[in-house]
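Colleague: Following this line is final21.csv, made up of CSV, C-alpha atoms:
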```csv
chain,number,residue,atom,x,y,z
A,1,MET,CA,0.0,0.0,0.0
A,2,ASP,CA,2.8,2.4,0.9
A,3,SER,CA,4.5,1.8,-2.5
A,4,GLU,CA,1.3,2.5,-4.3
A,5,ILE,CA,0.9,5.8,-2.4
A,6,ASP,CA,4.5,6.7,-3.2
A,7,LEU,CA,3.9,6.0,-6.9
A,8,ILE,CA,0.8,8.1,-7.0
A,9,GLN,CA,2.6,11.0,-5.3
A,10,ILE,CA,5.6,10.8,-7.7
A,11,LEU,CA,3.3,10.7,-10.7
A,12,SER,CA,1.2,13.6,-9.3
A,13,ALA,CA,4.3,15.7,-8.6
A,14,ILE,CA,5.7,15.1,-12.1
A,15,GLY,CA,2.3,15.8,-13.7
A,16,ILE,CA,2.1,19.1,-11.9
A,17,LEU,CA,5.6,20.1,-13.1
A,18,PHE,CA,4.5,19.2,-16.7
A,19,ILE,CA,1.5,21.4,-16.6
A,20,PRO,CA,3.3,24.6,-18.0
A,21,ILE,CA,5.1,22.5,-20.6
A,22,LEU,CA,1.9,20.9,-21.9
A,23,ALA,CA,0.1,24.3,-21.8
A,24,ALA,CA,3.0,25.8,-23.8
A,25,ILE,CA,2.3,23.6,-26.9
A,26,PRO,CA,-1.2,24.9,-27.7
A,27,ILE,CA,-0.3,28.4,-26.7
A,28,ARG,CA,2.6,28.4,-29.1
A,29,ILE,CA,0.3,27.1,-31.9
A,30,ILE,CA,-2.3,29.8,-31.2
A,31,TRP,CA,0.4,32.5,-31.1
A,32,LYS,CA,1.8,31.5,-34.5
A,33,ARG,CA,-1.7,31.7,-35.9
A,34,TYR,CA,-2.3,35.0,-34.2
A,35,ILE,CA,0.8,36.7,-35.5
A,36,GLY,CA,0.1,35.5,-39.0
A,37,GLY,CA,0.1,32.1,-40.5
A,38,SER,CA,-1.4,32.8,-43.9
A,39,TYR,CA,0.4,32.8,-47.2
A,40,GLN,CA,0.5,36.7,-47.3
A,41,HIS,CA,2.1,36.8,-43.9
A,42,GLU,CA,4.7,34.2,-44.9
A,43,GLU,CA,5.5,36.2,-48.0
A,44,TYR,CA,6.0,39.3,-45.9
A,45,ARG,CA,8.4,37.4,-43.6
A,46,ARG,CA,10.4,36.4,-46.7
A,47,LEU,CA,10.9,40.1,-47.6
A,48,LEU,CA,12.0,40.8,-44.0
A,49,SER,CA,14.5,38.0,-44.3
A,50,LEU,CA,15.9,39.4,-47.5
A,51,VAL,CA,16.5,42.8,-45.8
A,52,VAL,CA,17.9,41.6,-42.5
A,53,ASN,CA,20.1,38.8,-43.9
A,54,ALA,CA,21.8,41.3,-46.2
A,55,GLY,CA,22.7,43.4,-43.1
A,56,TYR,CA,20.3,46.2,-43.6
A,57,SER,CA,17.7,47.9,-41.3
A,58,LEU,CA,14.0,47.5,-41.8
A,59,THR,CA,13.9,51.3,-41.4
A,60,GLN,CA,15.9,51.8,-44.6
A,61,PHE,CA,13.3,49.8,-46.5
A,62,ARG,CA,10.3,51.2,-44.6
A,63,ASP,CA,8.5,52.7,-47.6
A,64,GLN,CA,8.9,49.5,-49.6
A,65,LEU,CA,7.9,47.2,-46.7
A,66,ASP,CA,4.8,49.4,-46.1
A,67,GLU,CA,3.9,49.2,-49.7
A,68,ALA,CA,4.4,45.4,-49.7
A,69,SER,CA,2.2,45.1,-46.7
A,70,ARG,CA,-0.6,47.2,-48.3
A,71,ARG,CA,-0.5,45.0,-51.4
A,72,ARG,CA,-1.0,41.9,-49.2
A,73,ARG,CA,-3.8,43.7,-47.2
A,74,ILE,CA,-1.9,43.3,-43.9
A,75,PRO,CA,-3.1,45.8,-41.3
A,76,LYS,CA,-0.5,48.2,-39.8
A,77,GLU,CA,-0.7,46.6,-36.3
A,78,ARG,CA,-0.4,43.1,-37.7
A,79,GLN,CA,2.6,44.2,-39.8
A,80,ARG,CA,4.3,45.6,-36.7
A,81,LEU,CA,3.5,42.4,-34.8
A,82,ILE,CA,5.1,40.2,-37.6
A,83,GLU,CA,8.2,42.4,-37.7
A,84,THR,CA,8.6,42.1,-33.9
A,85,ASP,CA,8.2,38.4,-33.9
A,86,PHE,CA,10.7,38.1,-36.8
A,87,LEU,CA,13.4,40.1,-35.0
A,88,PHE,CA,12.6,38.9,-31.4
A,89,PRO,CA,10.9,35.5,-31.7
A,90,LEU,CA,9.3,33.8,-28.7
A,91,LYS,CA,10.6,30.3,-28.1
A,92,THR,CA,9.2,27.4,-26.1
A,93,PRO,CA,10.7,28.5,-22.7
A,94,HIS,CA,8.8,31.8,-23.2
A,95,PHE,CA,5.5,30.0,-23.6
A,96,ILE,CA,6.1,28.0,-20.5
A,97,LEU,CA,5.9,31.2,-18.6
A,98,LEU,CA,2.7,32.5,-20.2
A,99,PRO,CA,0.3,30.5,-18.0
A,100,SER,CA,1.5,32.7,-15.1
A,101,LEU,CA,-0.8,35.5,-16.5
A,102,PHE,CA,-3.9,33.3,-15.7
A,103,PHE,CA,-2.8,33.2,-12.1
A,104,THR,CA,-1.8,36.8,-11.8
A,105,PRO,CA,-4.1,37.7,-8.7
A,106,LEU,CA,-2.6,34.8,-6.7
A,107,VAL,CA,1.0,35.3,-7.9
A,108,LEU,CA,0.9,39.0,-7.2
A,109,LEU,CA,1.0,38.3,-3.5
A,110,PHE,CA,4.5,36.9,-3.9
A,111,ALA,CA,5.7,39.0,-6.8
A,112,THR,CA,4.8,42.5,-5.7
A,113,PRO,CA,7.0,42.7,-2.6
A,114,LEU,CA,9.9,41.2,-4.6
A,115,PHE,CA,9.5,43.8,-7.4
A,116,LEU,CA,9.3,46.7,-5.0
A,117,LEU,CA,12.4,45.6,-3.2
A,118,ALA,CA,14.2,45.0,-6.5
A,119,LEU,CA,13.9,48.7,-7.5
A,120,PRO,CA,16.3,50.2,-4.9
A,121,LEU,CA,18.7,47.2,-5.4
A,122,LEU,CA,18.7,47.8,-9.2
A,123,SER,CA,19.6,51.5,-8.6
A,124,LEU,CA,22.4,50.5,-6.2
A,125,VAL,CA,23.8,47.9,-8.6
A,126,GLU,CA,23.6,50.4,-11.5
A,127,PHE,CA,25.5,52.9,-9.4
A,128,ILE,CA,28.3,50.4,-8.7
A,129,LEU,CA,28.6,48.7,-12.0
A,130,ILE,CA,27.8,51.5,-14.5
A,131,ARG,CA,28.5,54.9,-12.9
A,132,LYS,CA,31.5,53.7,-10.9
A,133,GLY,CA,32.7,51.8,-14.0
A,134,LEU,CA,33.1,48.4,-12.4
A,135,LEU,CA,31.5,46.5,-15.4
A,136,ALA,CA,33.7,48.4,-17.9
A,137,TYR,CA,36.8,47.5,-15.8
A,138,ILE,CA,35.8,43.8,-15.7
A,139,ILE,CA,35.5,43.8,-19.5
A,140,MET,CA,38.8,45.6,-19.8
A,141,ARG,CA,40.5,42.9,-17.6
A,142,PHE,CA,38.8,40.1,-19.5
A,143,GLN,CA,40.1,41.6,-22.8
A,144,HIS,CA,43.7,41.6,-21.5
A,145,ILE,CA,43.4,38.0,-20.2
A,146,SER,CA,41.8,36.6,-23.2
A,147,LYS,CA,43.9,38.6,-25.7
A,148,TRP,CA,40.7,39.4,-27.5
A,149,GLN,CA,40.1,42.9,-28.9
A,150,LEU,CA,37.1,45.1,-28.2
A,151,ILE,CA,35.7,46.8,-31.3
A,152,HIS,CA,32.6,48.8,-32.2
A,153,ILE,CA,30.4,47.7,-35.1
A,154,PRO,CA,27.2,49.7,-35.8
A,155,ARG,CA,24.1,47.6,-36.0
A,156,PRO,CA,22.1,48.6,-39.0
A,157,ARG,CA,18.9,46.8,-37.7
A,158,ASN,CA,18.6,48.6,-34.4
A,159,ASN,CA,15.0,49.7,-34.8
A,160,GLU,CA,13.3,48.6,-31.6
A,161,ASP,CA,11.3,51.9,-31.4
A,162,GLU,CA,9.2,50.7,-34.4
A,163,LEU,CA,8.4,47.3,-32.7
A,164,ARG,CA,6.0,46.1,-30.1
A,165,GLY,CA,7.8,47.0,-26.9
A,166,ASP,CA,5.9,44.5,-24.7
A,167,ILE,CA,6.9,41.6,-26.9
A,168,VAL,CA,10.5,42.8,-27.1
A,169,ALA,CA,10.7,43.0,-23.3
A,170,PHE,CA,9.1,39.6,-22.8
A,171,SER,CA,11.6,38.0,-25.3
A,172,LYS,CA,14.5,39.4,-23.2
A,173,MET,CA,13.4,38.3,-19.8
A,174,LEU,CA,14.1,34.5,-19.9
A,175,MET,CA,17.3,34.5,-17.8
A,176,THR,CA,15.8,37.0,-15.3
A,177,VAL,CA,12.9,34.6,-14.7
A,178,TYR,CA,14.7,31.3,-14.6
A,179,LEU,CA,17.2,32.7,-12.1
A,180,GLY,CA,14.4,32.9,-9.6
A,181,LEU,CA,13.7,29.2,-9.9
A,182,PHE,CA,17.5,28.6,-9.8
A,183,ALA,CA,17.8,30.5,-6.5
A,184,TRP,CA,14.8,28.7,-5.0
A,185,LEU,CA,16.1,25.2,-5.8
A,186,ILE,CA,19.6,26.0,-4.4
A,187,VAL,CA,18.1,27.4,-1.2
A,188,HIS,CA,15.6,24.6,-0.9
A,189,TRP,CA,18.4,22.1,-1.1
A,190,ILE,CA,20.8,23.8,1.4
A,191,PHE,CA,18.0,24.7,3.9
A,192,ARG,CA,15.8,21.6,3.5
A,193,GLY,CA,14.1,20.7,6.7
A,194,PHE,CA,13.6,24.4,7.5
A,195,ASP,CA,10.1,26.0,7.5
A,196,TYR,CA,8.9,26.9,4.1
A,197,TRP,CA,8.6,30.6,5.0
A,198,VAL,CA,12.2,30.7,6.0
A,199,ILE,CA,13.2,29.2,2.6
A,200,ILE,CA,10.9,31.7,0.8
A,201,LEU,CA,12.6,34.6,2.6
A,202,ILE,CA,16.2,33.4,1.9
A,203,SER,CA,15.5,32.4,-1.7
A,204,GLY,CA,13.7,35.7,-2.3
A,205,PHE,CA,16.6,37.7,-1.0
A,206,SER,CA,19.0,35.7,-3.0
A,207,TYR,CA,16.9,36.2,-6.1
A,208,LEU,CA,16.8,39.9,-5.6
A,209,ILE,CA,20.6,40.1,-5.6
A,210,LEU,CA,21.0,37.9,-8.6
A,211,VAL,CA,18.3,39.6,-10.7
A,212,SER,CA,19.6,43.1,-9.8
A,213,ILE,CA,23.1,42.2,-10.9
A,214,LEU,CA,22.0,40.4,-14.0
A,215,GLY,CA,19.3,42.9,-15.0
A,216,VAL,CA,21.8,45.8,-15.0
A,217,ILE,CA,24.5,43.8,-16.8
A,218,LYS,CA,22.1,42.5,-19.4
A,219,THR,CA,20.8,46.0,-20.1
A,220,ALA,CA,24.3,47.5,-20.3
A,221,ILE,CA,25.9,44.9,-22.6
A,222,ASP,CA,23.1,44.9,-25.2
A,223,THR,CA,25.2,47.4,-27.2
A,224,GLU,CA,27.2,47.5,-30.5
A,225,PHE,CA,30.5,46.5,-28.9
A,226,VAL,CA,31.9,43.1,-29.8
A,227,PHE,CA,34.9,40.9,-29.0
A,228,ALA,CA,37.2,40.2,-31.9
A,229,ASP,CA,39.1,37.0,-31.5
A,230,PRO,CA,41.9,37.0,-34.1
A,231,ALA,CA,43.1,33.5,-33.1
A,232,GLY,CA,39.7,32.0,-33.5
A,233,THR,CA,38.8,34.2,-36.5
A,234,ALA,CA,35.5,35.2,-34.7
A,235,ILE,CA,33.5,38.3,-34.0
A,236,ILE,CA,31.4,37.8,-30.9
A,237,PRO,CA,28.9,40.4,-29.6
A,238,ILE,CA,29.4,41.0,-25.8
A,239,GLU,CA,25.7,40.3,-25.2
A,240,ARG,CA,25.8,37.0,-27.0
A,241,PHE,CA,29.0,35.9,-25.3
A,242,PHE,CA,27.6,36.3,-21.8
A,243,ARG,CA,24.2,34.8,-22.9
A,244,GLU,CA,25.8,31.7,-24.4
A,245,LEU,CA,28.0,31.4,-21.3
A,246,LEU,CA,25.2,31.7,-18.7
A,247,GLU,CA,22.1,30.1,-20.4
A,248,PRO,CA,23.6,26.6,-20.6
A,249,LEU,CA,24.8,26.8,-17.0
A,250,VAL,CA,21.4,27.9,-15.7
A,251,GLY,CA,19.5,25.5,-17.9
A,252,ILE,CA,21.5,22.4,-17.0
A,253,GLY,CA,21.7,23.5,-13.4
A,254,LEU,CA,17.9,23.8,-13.2
A,255,VAL,CA,17.4,20.2,-14.5
A,256,PHE,CA,20.1,18.9,-12.1
A,257,LEU,CA,18.8,20.7,-9.1
A,258,LEU,CA,15.2,19.8,-9.8
A,259,ILE,CA,16.0,16.0,-10.1
A,260,ARG,CA,18.2,16.2,-7.0
A,261,ASP,CA,15.6,17.9,-4.9
A,262,LEU,CA,12.9,15.5,-6.0
A,263,THR,CA,14.9,12.4,-5.3
A,264,ALA,CA,16.1,13.8,-1.9
A,265,LEU,CA,12.5,14.6,-0.9
A,266,PHE,CA,11.4,11.1,-1.9
A,267,ARG,CA,14.1,9.4,0.2
A,268,GLU,CA,13.3,11.7,3.2
A,269,GLY,CA,9.5,11.1,2.9
A,270,GLY,CA,8.8,14.8,2.0
A,271,ASP,CA,5.7,16.1,0.3
A,272,LEU,CA,6.4,15.9,-3.4
A,273,ILE,CA,3.1,17.5,-4.4
A,274,LEU,CA,3.7,20.5,-2.2
A,275,PHE,CA,7.2,20.8,-3.7
A,276,SER,CA,5.9,20.7,-7.3
A,277,LEU,CA,3.2,23.4,-6.5
A,278,SER,CA,5.9,25.6,-4.9
A,279,ILE,CA,7.9,25.3,-8.1
A,280,LEU,CA,5.0,26.6,-10.1
A,281,ILE,CA,4.4,29.4,-7.7
A,282,VAL,CA,8.1,30.4,-7.7
A,283,LEU,CA,8.2,30.2,-11.6
A,284,PHE,CA,5.1,32.3,-12.1
A,285,SER,CA,6.1,34.8,-9.4
A,286,ALA,CA,9.5,35.2,-11.0
A,287,THR,CA,7.7,35.8,-14.4
A,288,LEU,CA,5.9,38.8,-13.0
A,289,VAL,CA,9.0,40.1,-11.3
A,290,GLY,CA,10.9,39.6,-14.6
A,291,ILE,CA,8.2,41.6,-16.5
A,292,GLY,CA,8.4,44.3,-13.9
A,293,VAL,CA,12.2,44.5,-14.0
A,294,GLU,CA,12.3,44.4,-17.9
A,295,VAL,CA,9.6,47.0,-18.4
A,296,GLY,CA,9.9,49.1,-15.2
A,297,HIS,CA,13.7,49.3,-15.2
A,298,ALA,CA,15.4,48.1,-18.3
A,299,THR,CA,13.1,49.8,-20.8
A,300,ARG,CA,13.0,53.0,-18.8
A,301,ARG,CA,16.8,53.1,-18.0
A,302,ARG,CA,18.1,51.5,-21.2
A,303,LYS,CA,19.3,54.6,-23.0
A,304,ALA,CA,21.0,56.2,-19.9
A,305,ILE,CA,22.7,52.9,-19.0
A,306,HIS,CA,23.9,52.4,-22.6
A,307,ASN,CA,25.3,55.9,-22.9
A,308,GLU,CA,27.2,55.8,-19.6
A,309,PHE,CA,28.4,52.3,-20.0
A,310,SER,CA,29.6,53.0,-23.6
A,311,GLU,CA,31.4,56.1,-22.5
A,312,LYS,CA,33.2,54.2,-19.7
A,313,LEU,CA,34.0,51.3,-22.1
A,314,ILE,CA,35.5,53.7,-24.8
A,315,LYS,CA,37.7,55.4,-22.2
A,316,SER,CA,39.0,52.2,-20.7
A,317,CYS,CA,39.4,50.0,-23.8
A,318,ASN,CA,39.9,52.5,-26.6
A,319,PRO,CA,38.0,50.5,-29.2
A,320,ARG,CA,37.9,51.3,-32.9
A,321,THR,CA,34.8,51.3,-35.1
A,322,TYR,CA,34.4,49.0,-38.1
A,323,TYR,CA,31.7,48.4,-40.7
A,324,PHE,CA,30.7,44.8,-41.2
A,325,LEU,CA,29.1,44.3,-44.6
A,326,ARG,CA,27.9,41.7,-46.9
A,327,GLU,CA,27.5,42.6,-50.6
A,328,LYS,CA,27.1,40.2,-53.6
A,329,GLY,CA,28.3,37.3,-51.5
A,330,LEU,CA,31.4,39.1,-50.2
A,331,ILE,CA,32.0,39.8,-46.5
A,332,LYS,CA,33.8,43.1,-45.9
A,333,ILE,CA,35.2,44.6,-42.7
A,334,ILE,CA,36.0,48.3,-43.2
A,335,GLU,CA,37.7,50.4,-40.6
A,336,TYR,CA,36.2,53.7,-39.7
A,337,GLY,CA,38.5,54.9,-37.0
A,338,PRO,CA,38.5,55.5,-33.2
A,339,THR,CA,35.0,55.0,-31.7
A,340,PRO,CA,33.5,58.4,-30.8
A,341,ILE,CA,32.7,59.0,-27.1
A,342,ASP,CA,29.8,61.3,-28.0
A,343,THR,CA,26.5,59.4,-28.3
A,344,ASP,CA,25.2,61.6,-31.1
A,345,GLU,CA,28.4,61.0,-33.1
A,346,ARG,CA,28.0,57.2,-32.8
A,347,ASN,CA,24.4,57.5,-33.9
A,348,GLU,CA,25.5,59.6,-36.9
A,349,ILE,CA,27.9,56.9,-37.9
A,350,LYS,CA,24.9,54.7,-38.9
A,351,HIS,CA,23.7,57.3,-41.3
A,352,LYS,CA,27.1,57.7,-42.9
A,353,ALA,CA,27.9,54.0,-43.0
A,354,PRO,CA,28.4,52.2,-46.3
A,355,PHE,CA,25.4,49.9,-45.5
A,356,THR,CA,23.1,52.9,-46.0
A,357,LYS,CA,23.9,52.7,-49.7
A,358,ILE,CA,21.4,50.1,-50.8
A,359,PRO,CA,22.6,48.0,-53.7
A,360,LYS,CA,20.6,47.7,-56.9
A,361,GLU,CA,19.6,44.1,-56.3
A,362,LEU,CA,17.7,45.2,-53.2
A,363,SER,CA,16.3,48.5,-54.6
A,364,ASN,CA,13.0,46.8,-55.2
A,365,ILE,CA,12.7,43.9,-52.8
A,366,ASP,CA,9.1,43.1,-53.7
A,367,SER,CA,9.7,42.7,-57.4
```
Translate this structure into structure tokens?

Modeller:
Amino acid sequence: MDSEIDLIQILSAIGILFIPILAAIPIRIIWKRYIGGSYQHEEYRRLLSLVVNAGYSLTQFRDQLDEASRRRRIPKERQRLIETDFLFPLKTPHFILLPSLFFTPLVLLFATPLFLLALPLLSLVEFILIRKGLLAYIIMRFQHISKWQLIHIPRPRNNEDELRGDIVAFSKMLMTVYLGLFAWLIVHWIFRGFDYWVIILISGFSYLILVSILGVIKTAIDTEFVFADPAGTAIIPIERFFRELLEPLVGIGLVFLLIRDLTALFREGGDLILFSLSILIVLFSATLVGIGVEVGHATRRRKAIHNEFSEKLIKSCNPRTYYFLREKGLIKIIEYGPTPIDTDERNEIKHKAPFTKIPKELSNIDS
């Protein structure tokens, strides 16, 4: 009888954990249909692909894209939605988080205090990492150790102001959210046997520290500065380098910690169903905190953080500016000169860059 009860509890706990994953499948299908699954929408996506894959900005082809959209009878809001999904696509891990919106009233009890406490911590971390130049110093030291070179390459497709800001923010918050679950699982393992409220307080405090540091760093490094690795013949954007370094660690760590905590609870005779429910509450609470951090802080402070961080980085690393082009199948890297400190000068570079000269084969993309 005890073995049957244990089996039922294990299956129930696993079933609860699979609820967001199973819910993500139909939500993703509905989303794909919602943003445009017809032939006209796919044709418009093909035009977007032609522009972006050539290294150009959608803004440079705005008149032609608008005309192509009118020909296909695509409403303006749907056109904007398709472009947002094309540049910032939502993946399965994003759809796992969407069910949290259905439990917002319950989850807000846990998420609201965390978000309110995160705001002063974010300001403190921003002061230390950005204004005091600690993040720029760390990157400078990494550059010396790795022997890589920091360079500046203007991004021609930087047109987030024309896109759906809510979807862009949601697409960037994955790491912020899953860090909450990561912190919970670590604290739950270390302090297992303690009262759940103690674990909640410790994990919440740990999460606030992690999300404040990561939130500021993630906002700061989403710039046009890249690492050039001559030995590896590679150009790696700073943002992609840190993302590819952290995401596998957090992803593999979550799976390992989840299995370890479940097996430990089973051996100790703990309540597996309560543990699975707590996982969902933590995940959904972290989702609302992540939305708040991304929209309430990152979107509001992005420009100021970028400008100050870029200035500190230019002064400490002395990068040079290059144009990265692809034309008629040829890849070109053209040197512009020292990277300007002034933000307006760096923005002006985009308008003077060679990629603003549209080649003849792209002069009429909808032909």

Colleague: When distances are computed from all atoms listed in the file, which of A:Glu308, A:Glu348, A:Asp166, A:Asp229 shows the smallest separation from Lys147 of chain A?

Modeller: A:Asp229

Colleague: Between atom CA of Phe191 of chain A and atom CA of Val289 of chain A, what is the distance in Å, rounded to a tenth?

Modeller: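 A separation of 23.4 Å between them.
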
Colleague: List every protein, DNA or RNA residue that has at least one atom no more than 7 Å from (35.8, 55.6, -33.4) in the file's coordinates, counting all atoms listed in the file, and write the result as a ChimeraX atom specification.

Modeller: /A:319-321,336-340

Colleague: With distances taken over only C-alpha atoms, which of A:Leu208, A:Ile236, A:Ile341, A:Val125 is nearest to Pro113 of chain A?

Modeller: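 Between A:Leu208, A:Ile236, A:Ile341, A:Val125, the residue approaching Pro113 of chain A most closely is A:Leu208.
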
Colleague: Have a look at atom CA of Tyr178 of chain A and atom CA of Leu97 of chain A and let me know their distance in Å, one decimal.

Modeller: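 Answer for the atom CA of Tyr178 of chain A to atom CA of Leu97 of chain A separation: 9.7 Å.
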
Colleague: Within 12 Å of (1.4, 23.2, -23.5), in the coordinates the file gives, what residues turn up when you count all atoms listed in the file, written out as a PyMOL selection string?

Modeller: chain A and resi 17-30+92-99

Colleague: Take atom CA of Ile153 of chain A and atom CA of Phe324 of chain A and report the distance between them in Å, one decimal.

Modeller: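 Computing it gives 6.8 Å between the two atoms.
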
Colleague: Using only C-alpha atoms for the distances, tell me which of A:Tyr323, A:Lys312, A:Asp342, A:Gly37 is nearest to Tyr56 of chain A.

Modeller: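 For Tyr56 of chain A, the nearest of the given residues is A:Tyr323.
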
Colleague: Using only C-alpha atoms for the distances, tell me which of A:Asn318, A:Gln149, A:Tyr39, A:Leu214 is nearest to Ala234 of chain A.

Modeller: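 Using only C-alpha atoms, the shortest distance to Ala234 of chain A belongs to A:Gln149.
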
Colleague: Between A:Gly133, A:Pro75, A:Gly253, A:Gly270, which is the closest to Ala220 of chain A once you count only C-alpha atoms?

Modeller: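 Between A:Gly133, A:Pro75, A:Gly253, A:Gly270, the residue approaching Ala220 of chain A most closely is A:Gly133.
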
Colleague: Choose the residue, out of A:Gly232, A:Ser276, A:Ile349, A:Ala298, that has the smallest atom-to-atom separation from Gly15 of chain A; count all atoms listed in the file.

Modeller: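 Result for the nearest residue to Gly15 of chain A: A:Ser276.
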
Colleague: For Ile167 of chain A, list every protein, DNA or RNA residue within 8 Å, evaluated using all atoms listed in the file, and leave out those in the same chain fewer than 6 positions away; present the list as a PyMOL selection string.

Modeller: chain A and resi 84-85+88

Colleague: Write the residues you've just listed into a file as a tab-separated table (two decimals), keeping the file's coordinate frame, and include C-alpha atoms for each of them.

Modeller:
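Wrote it out as again18.tsv, contents follow:
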```
chain	number	residue	atom	x	y	z
A	84	THR	CA	8.60	42.10	-33.90
A	85	ASP	CA	8.20	38.40	-33.90
A	88	PHE	CA	12.60	38.90	-31.40
```

Colleague: Would you kindly return, as a CSV table (one decimal) with C-alpha atoms, in the frame of the given file, each protein, DNA or RNA residue with an atom no farther than 9 Å from any atom of Val295 of chain A, considering all atoms listed in the file and excluding same-chain residues fewer than 5 positions away?

Modeller:
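For reference, result.csv as written:
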```
chain,number,residue,atom,x,y,z
A,165,GLY,CA,7.8,47.0,-26.9
A,166,ASP,CA,5.9,44.5,-24.7
A,169,ALA,CA,10.7,43.0,-23.3
A,170,PHE,CA,9.1,39.6,-22.8
A,290,GLY,CA,10.9,39.6,-14.6
A,300,ARG,CA,13.0,53.0,-18.8
```

Colleague: Quick one: residues within 12 Å of Phe227 of chain A, only C-alpha atoms counted, chain neighbours fewer than 2 positions away excluded, as a VMD selection string?

Modeller: chain A and resid 139 to 140 142 to 144 146 to 153 221 223 to 225 229 to 242 317 319 to 320

Colleague: For the selection you just gave me, I'd like the residues written to a file as a PDB file, in the coordinates of the input, keeping C-alpha atoms.

Modeller:
```
ATOM      1  CA  ILE A 139      35.500  43.800 -19.500  1.00  0.00           C
ATOM      2  CA  MET A 140      38.800  45.600 -19.800  1.00  0.00           C
ATOM      3  CA  PHE A 142      38.800  40.100 -19.500  1.00  0.00           C
ATOM      4  CA  GLN A 143      40.100  41.600 -22.800  1.00  0.00           C
ATOM      5  CA  HIS A 144      43.700  41.600 -21.500  1.00  0.00           C
ATOM      6  CA  SER A 146      41.800  36.600 -23.200  1.00  0.00           C
ATOM      7  CA  LYS A 147      43.900  38.600 -25.700  1.00  0.00           C
ATOM      8  CA  TRP A 148      40.700  39.400 -27.500  1.00  0.00           C
ATOM      9  CA  GLN A 149      40.100  42.900 -28.900  1.00  0.00           C
ATOM     10  CA  LEU A 150      37.100  45.100 -28.200  1.00  0.00           C
ATOM     11  CA  ILE A 151      35.700  46.800 -31.300  1.00  0.00           C
ATOM     12  CA  HIS A 152      32.600  48.800 -32.200  1.00  0.00           C
ATOM     13  CA  ILE A 153      30.400  47.700 -35.100  1.00  0.00           C
ATOM     14  CA  ILE A 221      25.900  44.900 -22.600  1.00  0.00           C
ATOM     15  CA  THR A 223      25.200  47.400 -27.200  1.00  0.00           C
ATOM     16  CA  GLU A 224      27.200  47.500 -30.500  1.00  0.00           C
ATOM     17  CA  PHE A 225      30.500  46.500 -28.900  1.00  0.00           C
ATOM     18  CA  ASP A 229      39.100  37.000 -31.500  1.00  0.00           C
ATOM     19  CA  PRO A 230      41.900  37.000 -34.100  1.00  0.00           C
ATOM     20  CA  ALA A 231      43.100  33.500 -33.100  1.00  0.00           C
ATOM     21  CA  GLY A 232      39.700  32.000 -33.500  1.00  0.00           C
ATOM     22  CA  THR A 233      38.800  34.200 -36.500  1.00  0.00           C
ATOM     23  CA  ALA A 234      35.500  35.200 -34.700  1.00  0.00           C
ATOM     24  CA  ILE A 235      33.500  38.300 -34.000  1.00  0.00           C
ATOM     25  CA  ILE A 236      31.400  37.800 -30.900  1.00  0.00           C
ATOM     26  CA  PRO A 237      28.900  40.400 -29.600  1.00  0.00           C
ATOM     27  CA  ILE A 238      29.400  41.000 -25.800  1.00  0.00           C
ATOM     28  CA  GLU A 239      25.700  40.300 -25.200  1.00  0.00           C
ATOM     29  CA  ARG A 240      25.800  37.000 -27.000  1.00  0.00           C
ATOM     30  CA  PHE A 241      29.000  35.900 -25.300  1.00  0.00           C
ATOM     31  CA  PHE A 242      27.600  36.300 -21.800  1.00  0.00           C
ATOM     32  CA  CYS A 317      39.400  50.000 -23.800  1.00  0.00           C
ATOM     33  CA  PRO A 319      38.000  50.500 -29.200  1.00  0.00           C
ATOM     34  CA  ARG A 320      37.900  51.300 -32.900  1.00  0.00           C
TER      35      ARG A 320
END
```

Colleague: Applying 7 Å and all atoms listed in the file, which residues near Leu181 of chain A remain after dropping the ones on its own chain fewer than 3 positions away? List them as a list in words.

Modeller: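 Once the nearby chain positions are removed, what remains is Tyr178, Trp184, Leu185, Val282 and Leu283 of chain A.
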